[in-house]
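Source file: work39.txt; contents: compact mmCIF, N, CA and C atoms.
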```txt
# COMPACT_ATOMS: atom_id res chain seq x y z
N MET Z 333 72.54 63.61 21.59
CA MET Z 333 73.73 64.44 21.65
C MET Z 333 74.88 63.68 20.99
N LYS Z 334 75.53 64.31 20.05
CA LYS Z 334 76.69 63.72 19.37
C LYS Z 334 77.97 64.14 20.09
N LEU Z 335 78.89 63.21 20.23
CA LEU Z 335 80.16 63.48 20.91
C LEU Z 335 81.32 63.39 19.94
N ARG Z 336 82.34 64.20 20.24
CA ARG Z 336 83.60 64.11 19.52
C ARG Z 336 84.69 63.93 20.57
N PHE Z 337 85.36 62.81 20.52
CA PHE Z 337 86.43 62.48 21.46
C PHE Z 337 87.58 63.47 21.29
N LEU Z 338 87.98 64.11 22.39
CA LEU Z 338 89.14 65.01 22.34
C LEU Z 338 90.38 64.36 22.91
N GLY Z 339 90.23 63.55 23.95
CA GLY Z 339 91.41 62.89 24.50
C GLY Z 339 91.16 62.35 25.89
N LYS Z 340 92.12 61.56 26.33
CA LYS Z 340 92.07 61.01 27.68
C LYS Z 340 93.47 60.97 28.24
N ASN Z 341 93.54 60.86 29.55
CA ASN Z 341 94.81 60.73 30.24
C ASN Z 341 94.79 59.39 30.95
N SER Z 342 95.18 58.36 30.24
CA SER Z 342 95.06 57.01 30.78
C SER Z 342 96.32 56.55 31.47
N LYS Z 343 96.07 55.97 32.61
CA LYS Z 343 97.06 55.17 33.31
C LYS Z 343 96.33 53.88 33.59
N VAL Z 344 96.98 52.91 34.14
CA VAL Z 344 96.31 51.64 34.40
C VAL Z 344 95.13 51.90 35.35
N GLY Z 345 93.93 51.56 34.89
CA GLY Z 345 92.74 51.72 35.72
C GLY Z 345 92.16 53.12 35.73
N ASP Z 346 92.83 54.07 35.15
CA ASP Z 346 92.34 55.45 35.14
C ASP Z 346 91.97 55.84 33.73
N CYS Z 347 90.83 56.51 33.57
CA CYS Z 347 90.50 56.93 32.21
C CYS Z 347 89.68 58.20 32.15
N PRO Z 348 90.05 59.27 32.87
CA PRO Z 348 89.36 60.54 32.66
C PRO Z 348 89.43 60.92 31.18
N THR Z 349 88.31 61.40 30.65
CA THR Z 349 88.20 61.64 29.22
C THR Z 349 87.47 62.95 28.97
N LEU Z 350 87.81 63.61 27.87
CA LEU Z 350 87.19 64.88 27.50
C LEU Z 350 86.56 64.74 26.12
N TYR Z 351 85.31 65.18 26.02
CA TYR Z 351 84.57 65.15 24.76
C TYR Z 351 84.01 66.54 24.47
N ALA Z 352 83.90 66.89 23.20
CA ALA Z 352 83.14 68.06 22.76
C ALA Z 352 81.79 67.54 22.28
N THR Z 353 80.74 68.34 22.46
CA THR Z 353 79.41 67.92 22.01
C THR Z 353 78.91 68.85 20.91
N ASP Z 354 77.82 68.44 20.30
CA ASP Z 354 77.18 69.28 19.29
C ASP Z 354 76.23 70.30 19.93
N HIS Z 355 76.30 70.45 21.25
CA HIS Z 355 75.47 71.41 21.99
C HIS Z 355 76.29 72.56 22.56
N ASP Z 356 77.51 72.79 22.04
CA ASP Z 356 78.40 73.85 22.53
C ASP Z 356 78.77 73.62 24.00
N THR Z 357 79.00 72.35 24.33
CA THR Z 357 79.40 71.98 25.68
C THR Z 357 80.53 70.97 25.60
N TYR Z 358 81.10 70.71 26.77
CA TYR Z 358 82.08 69.64 26.92
C TYR Z 358 81.55 68.64 27.93
N LEU Z 359 81.84 67.37 27.69
CA LEU Z 359 81.58 66.34 28.68
C LEU Z 359 82.91 65.96 29.29
N VAL Z 360 82.96 66.00 30.62
CA VAL Z 360 84.17 65.69 31.36
C VAL Z 360 83.90 64.42 32.16
N GLN Z 361 84.56 63.34 31.76
CA GLN Z 361 84.43 62.07 32.47
C GLN Z 361 85.58 61.98 33.46
N GLY Z 362 85.23 61.79 34.72
CA GLY Z 362 86.28 61.74 35.73
C GLY Z 362 85.87 60.90 36.92
N TRP Z 363 86.75 60.90 37.92
CA TRP Z 363 86.56 60.08 39.10
C TRP Z 363 85.48 60.67 39.99
N LYS Z 364 84.61 59.82 40.52
CA LYS Z 364 83.63 60.25 41.51
C LYS Z 364 84.38 60.73 42.75
N ILE Z 365 83.80 61.69 43.43
CA ILE Z 365 84.46 62.26 44.61
C ILE Z 365 83.84 61.67 45.86
N PHE Z 366 84.68 61.08 46.69
CA PHE Z 366 84.22 60.47 47.93
C PHE Z 366 84.84 61.16 49.15
N ALA Z 367 85.86 62.00 48.96
CA ALA Z 367 86.55 62.65 50.09
C ALA Z 367 85.64 63.72 50.71
N ASN Z 368 85.28 63.52 51.98
CA ASN Z 368 84.37 64.45 52.64
C ASN Z 368 84.92 65.87 52.71
N ASP Z 369 86.24 66.02 52.94
CA ASP Z 369 86.81 67.36 53.02
C ASP Z 369 86.67 68.10 51.69
N LEU Z 370 86.76 67.37 50.60
CA LEU Z 370 86.60 67.96 49.28
C LEU Z 370 85.14 68.27 49.01
N LEU Z 371 84.25 67.37 49.36
CA LEU Z 371 82.82 67.58 49.14
C LEU Z 371 82.31 68.79 49.92
N MET Z 372 82.87 69.03 51.10
CA MET Z 372 82.41 70.15 51.93
C MET Z 372 82.76 71.49 51.29
N GLN Z 373 83.73 71.54 50.38
CA GLN Z 373 84.11 72.79 49.72
C GLN Z 373 83.17 73.14 48.56
N LEU Z 374 82.31 72.21 48.18
CA LEU Z 374 81.47 72.38 47.00
C LEU Z 374 80.03 72.69 47.37
N GLU Z 375 79.41 73.51 46.55
CA GLU Z 375 77.98 73.72 46.64
C GLU Z 375 77.39 73.14 45.36
N VAL Z 376 76.90 71.92 45.47
CA VAL Z 376 76.41 71.20 44.30
C VAL Z 376 74.89 71.31 44.25
N SER Z 377 74.38 71.91 43.19
CA SER Z 377 72.94 72.07 43.01
C SER Z 377 72.31 70.75 42.59
N GLU Z 378 70.99 70.69 42.73
CA GLU Z 378 70.27 69.49 42.29
C GLU Z 378 70.46 69.32 40.79
N GLY Z 379 70.71 68.09 40.37
CA GLY Z 379 70.94 67.80 38.96
C GLY Z 379 72.39 67.98 38.54
N GLU Z 380 73.25 68.36 39.50
CA GLU Z 380 74.68 68.53 39.22
C GLU Z 380 75.48 67.55 40.05
N THR Z 381 76.73 67.39 39.66
CA THR Z 381 77.69 66.64 40.45
C THR Z 381 79.08 67.19 40.12
N ALA Z 382 80.09 66.59 40.70
CA ALA Z 382 81.46 67.02 40.44
C ALA Z 382 82.32 65.79 40.21
N VAL Z 383 83.35 65.97 39.38
CA VAL Z 383 84.30 64.90 39.10
C VAL Z 383 85.71 65.44 39.31
N GLU Z 384 86.63 64.54 39.56
CA GLU Z 384 88.04 64.89 39.71
C GLU Z 384 88.80 64.36 38.51
N VAL Z 385 89.64 65.22 37.92
CA VAL Z 385 90.40 64.84 36.72
C VAL Z 385 91.81 65.41 36.82
N PRO Z 386 92.77 64.79 36.14
CA PRO Z 386 94.12 65.35 36.09
C PRO Z 386 94.11 66.69 35.34
N THR Z 387 94.94 67.61 35.76
CA THR Z 387 95.00 68.92 35.09
C THR Z 387 95.35 68.76 33.62
N GLU Z 388 96.17 67.76 33.29
CA GLU Z 388 96.61 67.56 31.91
C GLU Z 388 95.47 67.21 30.96
N LEU Z 389 94.34 66.77 31.48
CA LEU Z 389 93.22 66.40 30.62
C LEU Z 389 92.80 67.58 29.73
N PHE Z 390 92.91 68.79 30.26
CA PHE Z 390 92.44 69.95 29.52
C PHE Z 390 93.41 70.43 28.44
N GLU Z 391 94.59 69.79 28.34
CA GLU Z 391 95.47 70.06 27.20
C GLU Z 391 94.80 69.64 25.90
N HIS Z 392 93.84 68.72 25.99
CA HIS Z 392 93.13 68.24 24.80
C HIS Z 392 92.16 69.29 24.24
N LEU Z 393 91.94 70.39 24.95
CA LEU Z 393 91.09 71.46 24.43
C LEU Z 393 91.66 72.05 23.14
N ALA Z 394 92.98 71.93 22.97
CA ALA Z 394 93.63 72.44 21.75
C ALA Z 394 93.06 71.74 20.51
N LYS Z 395 92.60 70.50 20.66
CA LYS Z 395 92.01 69.77 19.52
C LYS Z 395 90.64 70.32 19.13
N ASP Z 396 90.11 71.21 19.98
CA ASP Z 396 88.83 71.85 19.68
C ASP Z 396 89.05 73.33 19.34
N GLY Z 397 90.30 73.67 19.02
CA GLY Z 397 90.60 75.03 18.58
C GLY Z 397 90.80 76.04 19.70
N LEU Z 398 90.86 75.59 20.94
CA LEU Z 398 91.09 76.51 22.04
C LEU Z 398 92.59 76.64 22.28
N PRO Z 399 93.01 77.76 22.84
CA PRO Z 399 94.45 77.93 23.09
C PRO Z 399 94.95 76.91 24.10
N ALA Z 400 96.10 76.36 23.81
CA ALA Z 400 96.72 75.44 24.77
C ALA Z 400 97.24 76.26 25.93
N GLY Z 401 97.25 75.67 27.07
CA GLY Z 401 97.75 76.38 28.24
C GLY Z 401 96.94 76.05 29.46
N GLU Z 402 97.34 76.67 30.54
CA GLU Z 402 96.68 76.37 31.81
C GLU Z 402 95.52 77.32 32.04
N PHE Z 403 94.60 76.87 32.87
CA PHE Z 403 93.51 77.74 33.27
C PHE Z 403 94.08 78.90 34.07
N ARG Z 404 93.54 80.07 33.85
CA ARG Z 404 94.03 81.29 34.50
C ARG Z 404 93.30 81.59 35.80
N ARG Z 405 92.19 80.91 36.02
CA ARG Z 405 91.43 81.18 37.24
C ARG Z 405 90.62 79.96 37.63
N LEU Z 406 90.25 79.94 38.89
CA LEU Z 406 89.40 78.88 39.42
C LEU Z 406 88.05 79.50 39.74
N GLU Z 407 87.07 79.20 38.94
CA GLU Z 407 85.70 79.60 39.22
C GLU Z 407 84.80 78.65 38.45
N ASP Z 408 83.51 78.73 38.73
CA ASP Z 408 82.56 77.81 38.13
C ASP Z 408 82.84 77.65 36.65
N PRO Z 409 82.99 76.44 36.11
CA PRO Z 409 82.74 75.12 36.67
C PRO Z 409 83.97 74.42 37.26
N LEU Z 410 85.12 75.09 37.26
CA LEU Z 410 86.35 74.49 37.78
C LEU Z 410 86.48 74.92 39.23
N MET Z 411 86.16 74.04 40.14
CA MET Z 411 85.95 74.46 41.51
C MET Z 411 87.18 74.40 42.41
N VAL Z 412 88.02 73.41 42.23
CA VAL Z 412 89.13 73.20 43.18
C VAL Z 412 90.33 72.66 42.43
N LEU Z 413 91.51 73.15 42.79
CA LEU Z 413 92.78 72.53 42.38
C LEU Z 413 93.27 71.81 43.63
N THR Z 414 93.31 70.48 43.60
CA THR Z 414 93.65 69.72 44.80
C THR Z 414 95.16 69.71 45.03
N PRO Z 415 95.59 69.40 46.25
CA PRO Z 415 97.02 69.28 46.53
C PRO Z 415 97.70 68.22 45.67
N GLY Z 416 96.93 67.23 45.20
CA GLY Z 416 97.48 66.17 44.36
C GLY Z 416 97.62 66.57 42.90
N GLY Z 417 97.28 67.83 42.56
CA GLY Z 417 97.43 68.30 41.19
C GLY Z 417 96.30 67.87 40.27
N THR Z 418 95.10 67.78 40.82
CA THR Z 418 93.94 67.46 40.00
C THR Z 418 92.92 68.59 40.12
N TYR Z 419 92.03 68.67 39.15
CA TYR Z 419 90.94 69.64 39.20
C TYR Z 419 89.66 68.94 39.60
N VAL Z 420 88.80 69.67 40.29
CA VAL Z 420 87.43 69.23 40.52
C VAL Z 420 86.55 70.09 39.62
N VAL Z 421 85.81 69.42 38.75
CA VAL Z 421 84.97 70.09 37.77
C VAL Z 421 83.51 69.78 38.10
N GLN Z 422 82.72 70.84 38.18
CA GLN Z 422 81.32 70.69 38.54
C GLN Z 422 80.44 70.98 37.33
N GLY Z 423 79.37 70.22 37.17
CA GLY Z 423 78.47 70.46 36.06
C GLY Z 423 77.23 69.59 36.14
N ARG Z 424 76.40 69.71 35.13
CA ARG Z 424 75.17 68.92 35.07
C ARG Z 424 75.51 67.44 34.90
N VAL Z 425 74.80 66.60 35.62
CA VAL Z 425 74.95 65.16 35.46
C VAL Z 425 74.48 64.79 34.05
N VAL Z 426 75.27 64.01 33.35
CA VAL Z 426 74.90 63.59 32.00
C VAL Z 426 73.95 62.40 32.10
N THR Z 427 72.74 62.58 31.54
CA THR Z 427 71.74 61.51 31.54
C THR Z 427 71.30 61.16 30.12
N ASP Z 428 71.79 61.89 29.13
CA ASP Z 428 71.39 61.67 27.74
C ASP Z 428 71.79 60.27 27.29
N PRO Z 429 70.81 59.40 26.96
CA PRO Z 429 71.14 58.01 26.60
C PRO Z 429 72.05 57.91 25.38
N GLU Z 430 71.86 58.79 24.39
CA GLU Z 430 72.69 58.75 23.19
C GLU Z 430 74.14 59.05 23.54
N ALA Z 431 74.37 60.06 24.39
CA ALA Z 431 75.73 60.40 24.79
C ALA Z 431 76.35 59.27 25.61
N LEU Z 432 75.60 58.77 26.58
CA LEU Z 432 76.14 57.72 27.45
C LEU Z 432 76.46 56.45 26.68
N SER Z 433 75.71 56.19 25.61
CA SER Z 433 75.97 54.98 24.82
C SER Z 433 77.28 55.07 24.03
N GLN Z 434 77.81 56.28 23.87
CA GLN Z 434 79.05 56.49 23.14
C GLN Z 434 80.28 56.44 24.06
N MET Z 435 80.06 56.21 25.35
CA MET Z 435 81.13 56.28 26.33
C MET Z 435 81.25 54.95 27.08
N SER Z 436 82.46 54.72 27.61
CA SER Z 436 82.69 53.58 28.49
C SER Z 436 83.00 54.16 29.86
N ILE Z 437 82.08 53.97 30.81
CA ILE Z 437 82.20 54.62 32.12
C ILE Z 437 82.28 53.56 33.21
N PRO Z 438 83.45 53.40 33.84
CA PRO Z 438 83.55 52.44 34.94
C PRO Z 438 82.73 52.91 36.15
N ASP Z 439 82.46 52.02 37.08
CA ASP Z 439 81.64 52.33 38.26
C ASP Z 439 82.20 53.47 39.10
N TYR Z 440 83.50 53.66 39.11
CA TYR Z 440 84.11 54.68 39.97
C TYR Z 440 84.21 56.04 39.27
N GLU Z 441 83.60 56.15 38.09
CA GLU Z 441 83.62 57.42 37.36
C GLU Z 441 82.20 57.87 37.05
N THR Z 442 82.08 59.15 36.72
CA THR Z 442 80.83 59.71 36.24
C THR Z 442 81.16 60.83 35.26
N VAL Z 443 80.13 61.44 34.69
CA VAL Z 443 80.33 62.43 33.63
C VAL Z 443 79.53 63.69 33.94
N VAL Z 444 80.17 64.85 33.76
CA VAL Z 444 79.48 66.13 33.89
C VAL Z 444 79.54 66.88 32.58
N GLU Z 445 78.54 67.72 32.35
CA GLU Z 445 78.49 68.56 31.15
C GLU Z 445 78.71 70.00 31.58
N VAL Z 446 79.65 70.68 30.90
CA VAL Z 446 79.92 72.09 31.19
C VAL Z 446 79.88 72.88 29.88
N SER Z 447 79.50 74.12 29.97
CA SER Z 447 79.38 74.93 28.75
C SER Z 447 80.74 75.31 28.21
N LYS Z 448 80.83 75.36 26.90
CA LYS Z 448 82.08 75.77 26.26
C LYS Z 448 82.45 77.20 26.65
N PRO Z 449 81.50 78.16 26.65
CA PRO Z 449 81.88 79.52 27.07
C PRO Z 449 82.46 79.58 28.49
N ALA Z 450 81.97 78.74 29.40
CA ALA Z 450 82.51 78.74 30.77
C ALA Z 450 83.95 78.25 30.77
N ILE Z 451 84.26 77.24 29.97
CA ILE Z 451 85.64 76.73 29.87
C ILE Z 451 86.54 77.77 29.21
N VAL Z 452 86.06 78.39 28.14
CA VAL Z 452 86.85 79.42 27.44
C VAL Z 452 87.20 80.55 28.40
N ALA Z 453 86.24 80.96 29.23
CA ALA Z 453 86.47 82.06 30.17
C ALA Z 453 87.60 81.73 31.15
N LEU Z 454 87.74 80.45 31.51
CA LEU Z 454 88.79 80.06 32.45
C LEU Z 454 90.18 80.14 31.84
N LEU Z 455 90.26 80.12 30.52
CA LEU Z 455 91.55 80.19 29.83
C LEU Z 455 92.03 81.63 29.66
N GLU Z 456 91.13 82.58 29.88
CA GLU Z 456 91.48 83.99 29.69
C GLU Z 456 92.02 84.58 30.98
N GLU Z 457 92.83 85.61 30.84
CA GLU Z 457 93.33 86.32 32.02
C GLU Z 457 92.15 86.97 32.74
N PRO Z 458 92.13 86.94 34.06
CA PRO Z 458 91.10 87.68 34.79
C PRO Z 458 91.19 89.17 34.46
N ARG Z 459 90.08 89.85 34.47
CA ARG Z 459 90.07 91.26 34.07
C ARG Z 459 90.98 92.12 34.94
N GLY Z 460 91.02 91.87 36.24
CA GLY Z 460 91.89 92.66 37.12
C GLY Z 460 93.36 92.50 36.73
N ALA Z 461 93.75 91.30 36.35
CA ALA Z 461 95.13 91.05 35.93
C ALA Z 461 95.42 91.74 34.61
N ASP Z 462 94.40 91.82 33.74
CA ASP Z 462 94.59 92.51 32.46
C ASP Z 462 94.98 93.96 32.70
N LEU Z 463 94.36 94.60 33.67
CA LEU Z 463 94.66 95.99 33.96
C LEU Z 463 96.09 96.14 34.46
N GLN Z 464 96.55 95.18 35.25
CA GLN Z 464 97.89 95.24 35.80
C GLN Z 464 98.95 95.04 34.73
N HIS Z 465 98.63 94.32 33.65
CA HIS Z 465 99.61 94.03 32.60
C HIS Z 465 99.69 95.12 31.53
N ARG Z 466 98.76 96.08 31.57
CA ARG Z 466 98.78 97.12 30.55
C ARG Z 466 99.98 98.04 30.76
N PRO Z 467 100.57 98.49 29.66
CA PRO Z 467 101.69 99.41 29.81
C PRO Z 467 101.22 100.72 30.46
N GLN Z 468 102.02 101.21 31.35
CA GLN Z 468 101.69 102.47 32.03
C GLN Z 468 102.32 103.63 31.27
N PRO Z 469 101.61 104.77 31.21
CA PRO Z 469 102.18 105.91 30.49
C PRO Z 469 103.46 106.40 31.20
N ALA Z 470 104.42 106.82 30.42
CA ALA Z 470 105.67 107.35 30.98
C ALA Z 470 105.42 108.76 31.50
N HIS Z 471 106.05 109.11 32.61
CA HIS Z 471 105.89 110.46 33.18
C HIS Z 471 107.08 111.30 32.88
```
Take the structure in the file and write it out as structure tokens.
Amino acid sequence: MKLRFLGKNSKVGDCPTLYATDHDTYLVQGWKIFANDLLMQLEVSEGETAVEVPTELFEHLAKDGLPAGEFRRLEDPLMVLTPGGTYVVQGRVVTDPEALSQMSIPDYETVVEVSKPAIVALLEEPRGADLQHRPQPAH
């Protein structure tokens, strides 16, 4: 799997990172989740995990031609917006040796793979909201 670096939100000791792949997916490198209250909100399937990342990390999607802006909804793979202003992103655990060799992953982080169409869907207005925004005929 080939990766294209989109960006990171680095602070001292923090390095959540976003990559585009040649498989029409994104790799989201973020903090491992240890908070039990947060883990209890997730239904993680076998072969999947979840990471926590700053919301600003997804501003780098613009470098992949996606519209800049905030996610319009919280649904798979974006599971939780925490009180601290971070997202919990769920996806397949990345095990591809070629991909992992292109990344620097500290012990307290891991990487999930999510489909590009799933991320694109989160940037769009929910269908119910679209109906509410349509102009109403004048009476």
Which residues, written as a PDB file with N, CA and C atoms, in the coordinates of the input, have at least one atom at most 7 Å from Val425 of chain Z, with only N, CA and C atoms counted and residues fewer than 5 positions away on the same chain left out?
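Listed below is the output, out_38.pdb:
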```pdb
ATOM      1  N   GLY Z 379      70.710  68.090  40.370  1.00  0.00           N
ATOM      2  CA  GLY Z 379      70.940  67.800  38.960  1.00  0.00           C
ATOM      3  C   GLY Z 379      72.390  67.980  38.540  1.00  0.00           C
ATOM      4  N   GLU Z 380      73.250  68.360  39.500  1.00  0.00           N
ATOM      5  CA  GLU Z 380      74.680  68.530  39.220  1.00  0.00           C
ATOM      6  C   GLU Z 380      75.480  67.550  40.050  1.00  0.00           C
ATOM      7  N   THR Z 381      76.730  67.390  39.660  1.00  0.00           N
ATOM      8  CA  THR Z 381      77.690  66.640  40.450  1.00  0.00           C
ATOM      9  C   THR Z 381      79.080  67.190  40.120  1.00  0.00           C
ATOM     10  N   VAL Z 443      80.130  61.440  34.690  1.00  0.00           N
ATOM     11  CA  VAL Z 443      80.330  62.430  33.630  1.00  0.00           C
ATOM     12  C   VAL Z 443      79.530  63.690  33.940  1.00  0.00           C
ATOM     13  N   VAL Z 444      80.170  64.850  33.760  1.00  0.00           N
ATOM     14  CA  VAL Z 444      79.480  66.130  33.890  1.00  0.00           C
ATOM     15  C   VAL Z 444      79.540  66.880  32.580  1.00  0.00           C
ATOM     16  N   GLU Z 445      78.540  67.720  32.350  1.00  0.00           N
ATOM     17  CA  GLU Z 445      78.490  68.560  31.150  1.00  0.00           C
ATOM     18  C   GLU Z 445      78.710  70.000  31.580  1.00  0.00           C
TER      19      GLU Z 445
END
```
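For the pair atom CA of Leu374 of chain Z and atom CA of Met435 of chain Z, the separation is 26.2 Å.
Minimum atom-to-atom distance to Ala394 of chain Z, evaluated using only N, CA and C atoms, belongs to Z:Leu338 out of Z:Ala382, Z:Pro409, Z:Leu338, Z:Pro415.
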Shortest contact to Lys395 of chain Z, candidates Z:Ala450, Z:Leu350, Z:Leu455, Z:Met372, atoms counted only C-alpha atoms, goes to Z:Leu350
| What's the 9 Å shell around Lys340 of chain Z, counting only C-alpha atoms, without same-chain residues fewer than 5 positions away, as a ChimeraX atom specification? | /Z:347-350,389,392
